file run-v4.csv (CSV, C-alpha atoms and all ligand atoms)
chain,number,residue,atom,x,y,z
A,387,MET,CA,-1.3,-22.5,-11.6
A,388,GLY,CA,-1.4,-19.2,-9.6
A,389,ARG,CA,-0.8,-15.9,-11.3
A,390,LEU,CA,2.0,-15.2,-8.9
A,391,ASP,CA,3.7,-18.6,-8.8
A,392,GLY,CA,7.4,-18.2,-7.9
A,393,LYS,CA,7.1,-14.5,-6.8
A,394,VAL,CA,8.3,-13.2,-3.5
A,395,ALA,CA,6.7,-10.1,-2.1
A,396,ILE,CA,7.3,-7.7,0.8
A,397,VAL,CA,3.9,-6.1,1.8
A,398,THR,CA,4.0,-3.3,4.4
A,399,GLY,CA,1.0,-2.7,6.6
A,400,GLY,CA,0.1,-6.4,6.2
A,401,GLY,CA,-1.5,-6.6,9.6
A,402,SER,CA,-4.8,-4.9,8.6
A,403,GLY,CA,-7.1,-3.6,5.8
A,404,PHE,CA,-5.7,-3.6,2.3
A,405,GLY,CA,-2.3,-4.9,3.4
A,406,ALA,CA,-3.8,-8.0,5.0
A,407,GLY,CA,-6.0,-8.6,1.9
A,408,ILE,CA,-3.0,-8.1,-0.5
A,409,SER,CA,-0.9,-10.5,1.5
A,410,LYS,CA,-3.6,-13.2,1.5
A,411,ALA,CA,-4.5,-12.7,-2.2
A,412,PHE,CA,-0.8,-12.9,-3.2
A,413,ALA,CA,-0.4,-16.2,-1.2
A,414,ASP,CA,-3.6,-17.6,-2.8
A,415,GLU,CA,-2.0,-16.8,-6.2
A,416,GLY,CA,1.2,-18.7,-5.4
A,417,ALA,CA,3.5,-16.0,-4.0
A,418,LYS,CA,5.5,-16.1,-0.8
A,419,VAL,CA,5.0,-13.0,1.2
A,420,LEU,CA,6.9,-11.3,4.0
A,421,VAL,CA,4.0,-9.6,5.9
A,422,CYS,CA,5.4,-6.5,7.5
A,423,ASP,CA,3.8,-4.3,10.1
A,424,ILE,CA,4.5,-2.4,13.2
A,425,ASN,CA,1.5,-4.2,14.7
A,426,GLU,CA,2.6,-7.7,15.7
A,427,THR,CA,-1.0,-9.0,16.6
A,428,GLY,CA,-2.4,-7.9,13.2
A,429,GLY,CA,0.6,-9.3,11.2
A,430,GLU,CA,0.4,-12.7,13.0
A,431,ALA,CA,-3.3,-12.9,12.3
A,432,THR,CA,-2.7,-12.4,8.6
A,433,VAL,CA,-0.1,-15.1,8.5
A,434,LYS,CA,-2.5,-17.7,9.9
A,435,HIS,CA,-4.3,-17.6,6.5
A,436,ASN,CA,-1.4,-19.7,5.0
A,437,GLN,CA,1.5,-20.4,7.2
A,438,SER,CA,3.6,-22.0,4.4
A,439,SER,CA,3.5,-18.9,2.2
A,440,LEU,CA,3.2,-16.0,4.6
A,441,ALA,CA,5.7,-15.0,7.3
A,442,PHE,CA,5.4,-12.1,9.7
A,443,HIS,CA,8.2,-9.5,10.1
A,444,LYS,CA,7.8,-6.7,12.6
A,445,MET,CA,9.1,-3.4,11.3
A,446,ASP,CA,8.5,0.3,11.2
A,447,VAL,CA,8.5,1.8,7.7
A,448,THR,CA,9.9,5.1,9.0
A,449,LYS,CA,13.2,3.4,10.1
A,450,ALA,CA,16.0,2.8,7.6
A,451,ALA,CA,17.5,0.0,9.7
A,452,ASP,CA,14.1,-1.8,9.8
A,453,TRP,CA,14.0,-1.7,6.0
A,454,GLU,CA,17.5,-3.2,5.7
A,455,SER,CA,16.5,-6.1,7.9
A,456,THR,CA,13.2,-6.5,6.0
A,457,VAL,CA,14.8,-7.0,2.6
A,458,LYS,CA,17.5,-9.2,4.2
A,459,THR,CA,14.8,-11.3,5.9
A,460,ALA,CA,12.8,-11.8,2.7
A,461,ILE,CA,15.9,-12.9,0.8
A,462,GLU,CA,17.0,-15.3,3.7
A,463,LYS,CA,13.5,-16.8,4.1
A,464,PHE,CA,12.3,-16.9,0.5
A,465,GLY,CA,15.5,-16.6,-1.7
A,466,LYS,CA,14.6,-13.2,-3.3
A,467,ALA,CA,12.4,-10.1,-3.1
A,468,ASP,CA,10.9,-9.3,-6.5
A,469,VAL,CA,7.8,-7.4,-5.5
A,470,LEU,CA,7.6,-4.5,-3.0
A,471,VAL,CA,4.1,-3.3,-1.9
A,472,ASN,CA,4.4,0.0,-0.1
A,473,ASN,CA,1.0,-0.1,1.6
A,474,ALA,CA,1.5,1.0,5.2
A,475,GLY,CA,-0.2,4.4,5.7
A,476,THR,CA,-1.7,6.6,8.3
A,477,SER,CA,-3.7,9.8,8.6
A,478,TYR,CA,-4.9,12.2,11.3
A,479,ARG,CA,-8.7,12.4,11.7
A,480,ASN,CA,-10.5,14.6,9.1
A,481,LYS,CA,-10.8,18.1,10.5
A,482,PRO,CA,-10.2,21.7,9.6
A,483,THR,CA,-6.8,21.8,8.0
A,484,VAL,CA,-5.4,24.8,9.9
A,485,THR,CA,-5.9,22.7,13.1
A,486,VAL,CA,-3.6,19.9,12.0
A,487,THR,CA,-0.7,19.8,14.4
A,488,GLU,CA,3.0,19.7,13.4
A,489,ASP,CA,3.2,16.2,14.9
A,490,GLU,CA,0.2,15.0,12.9
A,491,PHE,CA,1.7,16.5,9.7
A,492,GLN,CA,5.1,14.9,10.5
A,493,LYS,CA,3.7,11.4,11.2
A,494,THR,CA,1.6,11.5,8.0
A,495,PHE,CA,4.6,12.4,5.9
A,496,ASP,CA,7.0,10.1,7.8
A,497,VAL,CA,4.8,7.0,7.3
A,498,ASN,CA,3.3,7.8,3.9
A,499,VAL,CA,6.2,9.4,2.1
A,500,LYS,CA,9.5,8.7,4.0
A,501,GLY,CA,8.4,5.1,4.4
A,502,VAL,CA,8.2,4.7,0.6
A,503,PHE,CA,11.5,6.6,0.1
A,504,LEU,CA,13.3,4.3,2.6
A,505,GLY,CA,11.6,1.2,1.1
A,506,CYS,CA,12.7,2.0,-2.4
A,507,ASN,CA,16.2,2.8,-1.1
A,508,ALA,CA,16.4,-0.6,0.6
A,509,TRP,CA,14.8,-2.7,-2.2
A,510,VAL,CA,15.8,-1.3,-5.6
A,511,GLN,CA,19.6,-2.0,-5.7
A,512,GLN,CA,19.2,-5.7,-5.0
A,513,ALA,CA,16.6,-5.9,-7.7
A,514,ILE,CA,19.0,-4.2,-10.1
A,515,ASP,CA,21.8,-6.5,-9.1
A,516,LYS,CA,19.6,-9.6,-9.6
A,517,LYS,CA,18.9,-8.5,-13.2
A,518,GLU,CA,15.4,-10.1,-13.2
A,519,GLY,CA,13.4,-6.9,-13.0
A,520,GLY,CA,10.8,-6.4,-10.3
A,521,VAL,CA,7.6,-4.5,-9.3
A,522,ILE,CA,6.9,-1.8,-6.8
A,523,ILE,CA,3.3,-1.2,-6.0
A,524,ASN,CA,2.6,2.0,-4.0
A,525,ILE,CA,-0.8,2.4,-2.4
A,526,ALA,CA,-1.7,6.0,-3.0
A,527,SER,CA,-5.3,7.4,-2.9
A,528,VAL,CA,-8.0,9.1,-5.0
A,529,GLY,CA,-7.1,12.0,-2.8
A,530,ALA,CA,-3.7,12.3,-4.6
A,531,THR,CA,-5.4,14.0,-7.6
A,532,ARG,CA,-9.0,14.8,-6.3
A,533,PRO,CA,-8.4,16.2,-2.8
A,534,ARG,CA,-11.4,17.0,-0.6
A,535,PRO,CA,-11.6,19.2,2.5
A,536,GLY,CA,-10.3,18.1,5.9
A,537,LEU,CA,-7.5,15.8,4.6
A,538,VAL,CA,-5.3,18.3,2.8
A,539,TRP,CA,-1.9,17.1,4.1
A,540,TYR,CA,-2.9,13.4,4.0
A,541,ASN,CA,-3.9,14.0,0.3
A,542,ALA,CA,-0.7,15.9,-0.3
A,543,SER,CA,1.4,12.9,1.0
A,544,LYS,CA,-0.4,10.7,-1.5
A,545,GLY,CA,0.2,13.3,-4.2
A,546,ALA,CA,3.9,12.9,-3.5
A,547,ILE,CA,3.5,9.2,-4.0
A,548,TRP,CA,1.5,9.7,-7.2
A,549,ASN,CA,4.4,11.8,-8.6
A,550,ALA,CA,7.2,9.6,-7.2
A,551,THR,CA,5.6,6.5,-8.9
A,552,LYS,CA,6.1,8.1,-12.3
A,553,GLY,CA,9.6,9.3,-11.5
A,554,LEU,CA,10.7,5.9,-10.2
A,555,ALA,CA,9.2,4.2,-13.2
A,556,ALA,CA,11.1,6.5,-15.6
A,557,GLU,CA,14.3,6.0,-13.7
A,558,TYR,CA,14.3,2.3,-13.2
A,559,GLY,CA,12.4,1.1,-16.3
A,560,PRO,CA,15.7,0.3,-18.0
A,561,HIS,CA,16.3,-2.3,-15.3
A,562,GLN,CA,12.8,-3.8,-16.1
A,563,ILE,CA,11.6,-2.6,-12.7
A,564,ARG,CA,7.9,-1.5,-13.0
A,565,VAL,CA,6.5,1.0,-10.6
A,566,VAL,CA,2.8,1.6,-10.3
A,567,SER,CA,0.4,3.0,-7.8
A,568,ILE,CA,-3.1,2.0,-6.9
A,569,CYS,CA,-5.5,4.8,-5.9
A,570,PRO,CA,-8.3,3.4,-3.8
A,571,LEU,CA,-11.6,5.1,-2.9
A,572,VAL,CA,-12.6,5.3,0.8
A,573,THR,CA,-13.1,1.7,2.1
A,574,GLY,CA,-14.2,0.3,5.4
A,575,THR,CA,-10.7,-0.5,6.8
A,576,GLY,CA,-9.0,0.7,10.0
A,577,LEU,CA,-8.6,4.2,8.5
A,578,PHE,CA,-12.2,4.8,7.6
A,579,SER,CA,-12.9,7.0,10.7
A,580,HIS,CA,-9.8,9.0,10.2
A,581,PHE,CA,-10.7,9.7,6.5
A,582,THR,CA,-14.3,10.5,7.1
A,583,GLY,CA,-14.2,11.9,10.7
A,584,MET,CA,-17.1,9.5,11.4
A,585,ASP,CA,-17.6,6.1,13.0
A,586,ASP,CA,-17.6,3.2,10.5
A,587,THR,CA,-21.3,2.4,10.4
A,588,PRO,CA,-23.5,1.3,7.5
A,589,GLU,CA,-25.3,4.7,7.7
A,590,ASN,CA,-22.1,6.7,7.6
A,591,ARG,CA,-20.8,4.6,4.7
A,592,GLU,CA,-23.9,5.6,2.7
A,593,LYS,CA,-22.9,9.3,3.0
A,594,PHE,CA,-19.9,8.7,0.8
A,595,ILE,CA,-21.5,7.2,-2.3
A,596,PHE,CA,-23.4,10.2,-3.7
A,597,ASN,CA,-20.5,11.1,-6.1
A,598,VAL,CA,-19.5,7.6,-7.0
A,599,PRO,CA,-21.0,6.5,-10.4
A,600,MET,CA,-21.0,2.9,-9.4
A,601,GLY,CA,-22.9,3.7,-6.2
A,602,ARG,CA,-20.8,2.2,-3.4
A,603,ILE,CA,-17.6,2.8,-1.4
A,604,GLY,CA,-14.6,0.6,-1.9
A,605,GLU,CA,-14.1,-3.0,-0.7
A,606,VAL,CA,-10.8,-4.5,0.2
A,607,ASP,CA,-10.9,-7.0,-2.7
A,608,ASP,CA,-11.3,-4.2,-5.3
A,609,VAL,CA,-7.7,-3.2,-4.3
A,610,THR,CA,-6.3,-6.7,-3.8
A,611,SER,CA,-7.3,-7.9,-7.2
A,612,ALA,CA,-5.8,-4.8,-8.9
A,613,CYS,CA,-2.5,-5.5,-6.9
A,614,VAL,CA,-2.5,-9.1,-8.0
A,615,PHE,CA,-2.8,-8.0,-11.7
A,616,MET,CA,-0.1,-5.3,-11.3
A,617,ALA,CA,2.3,-7.8,-9.7
A,618,SER,CA,1.7,-10.5,-12.3
A,619,SER,CA,3.2,-10.9,-15.8
A,620,ASP,CA,-0.3,-9.9,-17.2
A,621,ALA,CA,0.9,-6.3,-16.4
A,622,LYS,CA,4.3,-6.8,-17.9
A,623,PHE,CA,4.4,-3.6,-20.0
A,624,ILE,CA,2.5,-1.4,-17.5
A,625,THR,CA,4.6,1.1,-15.5
A,626,GLY,CA,4.3,4.7,-14.2
A,627,VAL,CA,0.5,4.2,-14.0
A,628,ASN,CA,-1.5,5.5,-11.0
A,629,LEU,CA,-4.6,3.3,-11.3
A,630,GLU,CA,-7.8,4.6,-9.7
A,631,VAL,CA,-9.9,1.8,-8.2
A,632,ASP,CA,-12.8,4.0,-7.3
A,633,GLY,CA,-16.1,3.0,-9.2
A,634,GLY,CA,-15.6,6.2,-11.2
A,635,ARG,CA,-15.4,8.7,-8.4
A,636,CYS,CA,-12.4,10.6,-10.0
A,637,ILE,CA,-14.2,11.1,-13.4
B,1,LIG,N1,-9.1,2.7,3.6
B,1,LIG,C1,-9.2,3.7,2.7
B,1,LIG,O1,-10.3,4.3,2.6
B,1,LIG,C2,-8.0,4.1,1.9
B,1,LIG,C3,-8.3,4.9,0.7
B,1,LIG,C4,-7.2,5.2,0.0
B,1,LIG,C5,-5.9,4.9,0.3
B,1,LIG,N2,-5.7,4.1,1.5
B,1,LIG,C6,-4.4,3.7,1.8
B,1,LIG,O2,-4.3,2.3,1.9
B,1,LIG,C7,-3.2,2.0,2.7
B,1,LIG,C8,-3.6,0.9,3.7
B,1,LIG,O3,-4.5,1.5,4.7
B,1,LIG,P1,-5.8,0.7,5.2
B,1,LIG,O4,-6.9,1.5,4.8
B,1,LIG,O5,-5.7,-0.7,4.9
B,1,LIG,O6,-5.6,1.1,6.8
B,1,LIG,P2,-5.4,0.1,8.1
B,1,LIG,O7,-5.3,1.1,9.2
B,1,LIG,O8,-6.4,-0.9,8.1
B,1,LIG,O9,-4.0,-0.5,7.8
B,1,LIG,C9,-2.8,0.2,7.8
B,1,LIG,C10,-1.7,-0.7,8.4
B,1,LIG,O10,-0.4,0.0,8.3
B,1,LIG,C11,0.3,-0.3,9.5
B,1,LIG,N3,1.3,0.8,9.8
B,1,LIG,C12,1.0,2.1,10.2
B,1,LIG,N4,2.1,2.7,10.4
B,1,LIG,C13,3.2,1.8,10.2
B,1,LIG,C14,4.6,1.9,10.3
B,1,LIG,N5,5.2,3.1,10.6
B,1,LIG,N6,5.3,0.8,9.9
B,1,LIG,C15,4.7,-0.3,9.6
B,1,LIG,N7,3.4,-0.5,9.5
B,1,LIG,C16,2.6,0.6,9.8
B,1,LIG,C17,-0.8,-0.4,10.6
B,1,LIG,O11,-0.3,-1.0,11.8
B,1,LIG,C18,-1.9,-1.1,9.9
B,1,LIG,O12,-1.8,-2.5,10.0
B,1,LIG,C19,-2.7,3.3,3.3
B,1,LIG,O13,-1.5,3.7,2.6
B,1,LIG,C20,-3.8,4.2,3.1
B,1,LIG,O14,-3.4,5.6,3.1
B,1,LIG,C21,-6.8,3.7,2.2

call {"tool": "encode", "arguments": {"input": "run-v4.csv", "output": "structure tokens"}}
result
Amino acid sequence: MGRLDGKVAIVTGGGSGFGAGISKAFADEGAKVLVCDINETGGEATVKHNQSSLAFHKMDVTKAADWESTVKTAIEKFGKADVLVNNAGTSYRNKPTVTVTEDEFQKTFDVNVKGVFLGCNAWVQQAIDKKEGGVIINIASVGATRPRPGLVWYNASKGAIWNATKGLAAEYGPHQIRVVSICPLVTGTGLFSHFTGMDDTPENREKFIFNVPMGRIGEVDDVTSACVFMASSDAKFITGVNLEVDGGRCI
């Protein structure tokens, strides 16, 4: 028995890092997953993990039409779409904030905030109509509440998600739709160099552990196991929570 038997999830950014890990972990726990990414090569690689439970769908989270086809595809392929994981994200490279360009700012907010806005718009009504509840998991960041220099507008985009998670939970709770966010610590995914402004090397990873009580940076499975829990019925009365998965960094 898997903890997600019978569930169907849409996971954005499923071609790399956390999204690939979440997709695979959900499949291992019995879910069917539409692995969504703008990057076809990455998405197809994730699907190889379990081709009977994972299917790739190329889409761009910043495009409303892509979201419509995403929800439609999940329902056509797997019969429903009861979990939405808004994980796709981006950032400019860590640098003095007044040098962030308008294009970098726009892209960060388009992917990290507008992408979640469009995803919720496309997914929520069918969940309400189905009357079986559902779960939205947004991947925010420790930077949502504990911003650090050099990533101000990235952190602000995650602050918006932190806030929207609570607002959505309050609004859609009566439909038994739970909305939570996971707030990861810096982790060695494709975005490591953007967040730190450094190459992803063992020496550079060591530079980010001094203020983490548990003495290490994040690992992908720290986040995937929190997502499995949040998507499962074990979390059936948890909503509006922004869960830090950070070894105590935000204390
Ligand atoms: N890695 C960290 O240290 C860290 C910490 C906190 C939060 N996060 C958040 O975790 C999430 C996942 O990031 P990651 O660290 O796994 O990075 P990653 O770069 O490894 O993966 C991000 C994925 O999102 C996809 N993507 C980007 N723009 C897209 C778009 N417009 N449409 C569809 N897909 C798109 C990329 O192709 C990529 O596969 C992001 O929201 C990120 O902000 C990461």

call {"tool": "closest_residue", "arguments": {"input": "run-v4.csv", "among": "A:Gln511, A:Thr398, A:Ser611, A:Asn436", "to": "ligand LIG 1 (chain B)", "atoms": "only C-alpha atoms and all ligand atoms"}}
result
A:Thr398

call {"tool": "residues_near_ligand", "arguments": {"input": "run-v4.csv", "ligand": "ligand LIG 1 (chain B)", "cutoff": "6 Å", "atoms": "only C-alpha atoms and all ligand atoms", "output": "count of residues only"}}
result
32

call {"tool": "residues_near_point", "arguments": {"input": "run-v4.csv", "point": "(-4.1, -15.6, -7.2)", "cutoff": "6 Å", "atoms": "only C-alpha atoms", "output": "ChimeraX atom specification"}}
result
/A:388-389,411-412,414-415

call {"tool": "residues_around", "arguments": {"input": "run-v4.csv", "residues": "A:Lys449", "least_positions_apart": "2", "cutoff": "12 Å", "atoms": "all atoms listed in the file", "output": "number ranges by chain"}}
result
A: 424, 444-447, 451-456, 496-497, 500-505, 507-508

call {"tool": "closest_atom_pairs", "arguments": {"input": "run-v4.csv", "of": "stretch 522-606 of chain A", "to": "stretch 461-472 of chain A", "cutoff": "10 Å", "atoms": "only C-alpha atoms", "output": "JSON lines"}}
result
{"residue": "A:Ile522", "atom": "CA", "partner": "A:Leu470", "partner_atom": "CA", "distance": 4.7}
{"residue": "A:Ile523", "atom": "CA", "partner": "A:Val471", "partner_atom": "CA", "distance": 4.7}
{"residue": "A:Asn524", "atom": "CA", "partner": "A:Asn472", "partner_atom": "CA", "distance": 4.7}
{"residue": "A:Ile525", "atom": "CA", "partner": "A:Asn472", "partner_atom": "CA", "distance": 6.2}
{"residue": "A:Ala526", "atom": "CA", "partner": "A:Asn472", "partner_atom": "CA", "distance": 9.0}
{"residue": "A:Ile563", "atom": "CA", "partner": "A:Asp468", "partner_atom": "CA", "distance": 9.2}
{"residue": "A:Arg564", "atom": "CA", "partner": "A:Val469", "partner_atom": "CA", "distance": 9.5}
{"residue": "A:Val565", "atom": "CA", "partner": "A:Leu470", "partner_atom": "CA", "distance": 9.4}
{"residue": "A:Val566", "atom": "CA", "partner": "A:Val471", "partner_atom": "CA", "distance": 9.8}
{"residue": "A:Ser567", "atom": "CA", "partner": "A:Asn472", "partner_atom": "CA", "distance": 9.2}

call {"tool": "residues_around", "arguments": {"input": "run-v4.csv", "residues": "A:Leu629", "least_positions_apart": "2", "cutoff": "7 Å", "atoms": "only C-alpha atoms", "output": "JSON list (two decimals) with C-alpha atoms, in the coordinates of the input"}}
result
[["chain", "number", "residue", "atom", "x", "y", "z"],
["A", 567, "SER", "CA", 0.40, 3.00, -7.80],
["A", 568, "ILE", "CA", -3.10, 2.00, -6.90],
["A", 569, "CYS", "CA", -5.50, 4.80, -5.90],
["A", 627, "VAL", "CA", 0.50, 4.20, -14.00],
["A", 631, "VAL", "CA", -9.90, 1.80, -8.20]]

call {"tool": "closest_residue", "arguments": {"input": "run-v4.csv", "among": "A:Tyr558, A:Ile396, A:Ile514, A:Gly407", "to": "A:Asp608", "atoms": "all atoms listed in the file"}}
result
A:Gly407

call {"tool": "atom_distance", "arguments": {"input": "run-v4.csv", "atom1": "atom CA of A:Ala460", "atom2": "atom CA of A:Ser543"}}
result
27.3 Å

call {"tool": "residues_near_point", "arguments": {"input": "run-v4.csv", "point": "(-15.3, 11.7, -11.9)", "cutoff": "12 Å", "atoms": "all atoms listed in the file", "output": "list in words"}}
result
Val528, Thr531, Arg532, Leu571, Phe596, Asn597, Val598, Pro599, Met600, Glu630, Val631, Asp632, Gly633, Gly634, Arg635, Cys636 and Ile637 of chain A

call {"tool": "write_last_selection", "arguments": {"input": "run-v4.csv", "atoms": "C-alpha atoms", "output": "short mmCIF file (atom, residue, chain, number, x, y, z; two decimals), in the frame of the given file"}}
result
data_model
loop_
_atom_site.label_atom_id
_atom_site.label_comp_id
_atom_site.auth_asym_id
_atom_site.auth_seq_id
_atom_site.Cartn_x
_atom_site.Cartn_y
_atom_site.Cartn_z
CA VAL A 528 -8.00 9.10 -5.00
CA THR A 531 -5.40 14.00 -7.60
CA ARG A 532 -9.00 14.80 -6.30
CA LEU A 571 -11.60 5.10 -2.90
CA PHE A 596 -23.40 10.20 -3.70
CA ASN A 597 -20.50 11.10 -6.10
CA VAL A 598 -19.50 7.60 -7.00
CA PRO A 599 -21.00 6.50 -10.40
CA MET A 600 -21.00 2.90 -9.40
CA GLU A 630 -7.80 4.60 -9.70
CA VAL A 631 -9.90 1.80 -8.20
CA ASP A 632 -12.80 4.00 -7.30
CA GLY A 633 -16.10 3.00 -9.20
CA GLY A 634 -15.60 6.20 -11.20
CA ARG A 635 -15.40 8.70 -8.40
CA CYS A 636 -12.40 10.60 -10.00
CA ILE A 637 -14.20 11.10 -13.40
#

call {"tool": "closest_residue", "arguments": {"input": "run-v4.csv", "among": "A:Ile595, A:Val614, A:Ile547, A:Leu554", "to": "A:Ala413", "atoms": "all atoms listed in the file"}}
result
A:Val614

call {"tool": "closest_residue", "arguments": {"input": "run-v4.csv", "among": "A:Ala617, A:Ala431, A:Cys506, A:Leu390", "to": "A:Ala417", "atoms": "only C-alpha atoms"}}
result
A:Leu390

call {"tool": "closest_residue", "arguments": {"input": "run-v4.csv", "among": "A:Phe594, A:Ile408, A:Gly392, A:Ser439", "to": "A:Phe615", "atoms": "all atoms listed in the file"}}
result
A:Ile408

call {"tool": "atom_distance", "arguments": {"input": "run-v4.csv", "atom1": "atom CA of A:Lys552", "atom2": "atom CA of A:Gly519"}}
result
16.7 Å

call {"tool": "atom_distance", "arguments": {"input": "run-v4.csv", "atom1": "atom CA of A:Arg591", "atom2": "atom CA of A:Tyr540"}}
result
20.0 Å

call {"tool": "closest_residue", "arguments": {"input": "run-v4.csv", "among": "A:Gly529, A:Gly536, A:Gly416, A:Gly604", "to": "A:Gly583", "atoms": "only C-alpha atoms"}}
result
A:Gly536

call {"tool": "residues_around", "arguments": {"input": "run-v4.csv", "residues": "A:Trp539", "least_positions_apart": "5", "cutoff": "12 Å", "atoms": "only C-alpha atoms", "output": "ChimeraX atom specification"}}
result
/A:476-496,498-499,529-530,533-534,544-546,581

call {"tool": "build_atoms", "arguments": {"input": "run-v4.csv", "residues": "stretch 445-460 of chain A", "atoms": "N, CA and C atoms", "output": "tab-separated table (two decimals), in the coordinates of the input"}}
result
chain	number	residue	atom	x	y	z
A	445	MET	N	8.26	-4.53	11.72
A	445	MET	CA	9.10	-3.40	11.30
A	445	MET	C	8.34	-2.14	11.25
A	446	ASP	N	9.09	-1.04	11.27
A	446	ASP	CA	8.50	0.30	11.20
A	446	ASP	C	9.02	0.92	9.89
A	447	VAL	N	8.10	1.25	8.98
A	447	VAL	CA	8.50	1.80	7.70
A	447	VAL	C	9.30	3.08	7.74
A	448	THR	N	9.22	3.76	8.88
A	448	THR	CA	9.90	5.10	9.00
A	448	THR	C	11.38	4.89	9.43
A	449	LYS	N	11.82	3.63	9.64
A	449	LYS	CA	13.20	3.40	10.10
A	449	LYS	C	14.05	2.70	9.08
A	450	ALA	N	15.13	3.35	8.67
A	450	ALA	CA	16.00	2.80	7.60
A	450	ALA	C	16.54	1.42	8.03
A	451	ALA	N	16.93	1.26	9.30
A	451	ALA	CA	17.50	0.00	9.70
A	451	ALA	C	16.46	-1.14	9.63
A	452	ASP	N	15.19	-0.81	9.90
A	452	ASP	CA	14.10	-1.80	9.80
A	452	ASP	C	13.96	-2.26	8.34
A	453	TRP	N	14.13	-1.32	7.42
A	453	TRP	CA	14.00	-1.70	6.00
A	453	TRP	C	15.15	-2.59	5.56
A	454	GLU	N	16.35	-2.30	6.05
A	454	GLU	CA	17.50	-3.20	5.70
A	454	GLU	C	17.22	-4.60	6.16
A	455	SER	N	16.72	-4.73	7.42
A	455	SER	CA	16.50	-6.10	7.90
A	455	SER	C	15.28	-6.73	7.21
A	456	THR	N	14.36	-5.92	6.72
A	456	THR	CA	13.20	-6.50	6.00
A	456	THR	C	13.62	-7.12	4.70
A	457	VAL	N	14.40	-6.40	3.91
A	457	VAL	CA	14.80	-7.00	2.60
A	457	VAL	C	15.70	-8.18	2.84
A	458	LYS	N	16.59	-8.08	3.84
A	458	LYS	CA	17.50	-9.20	4.20
A	458	LYS	C	16.65	-10.44	4.59
A	459	THR	N	15.65	-10.22	5.42
A	459	THR	CA	14.80	-11.30	5.90
A	459	THR	C	14.06	-11.99	4.76
A	460	ALA	N	13.51	-11.18	3.85
A	460	ALA	CA	12.80	-11.80	2.70
A	460	ALA	C	13.70	-12.65	1.89
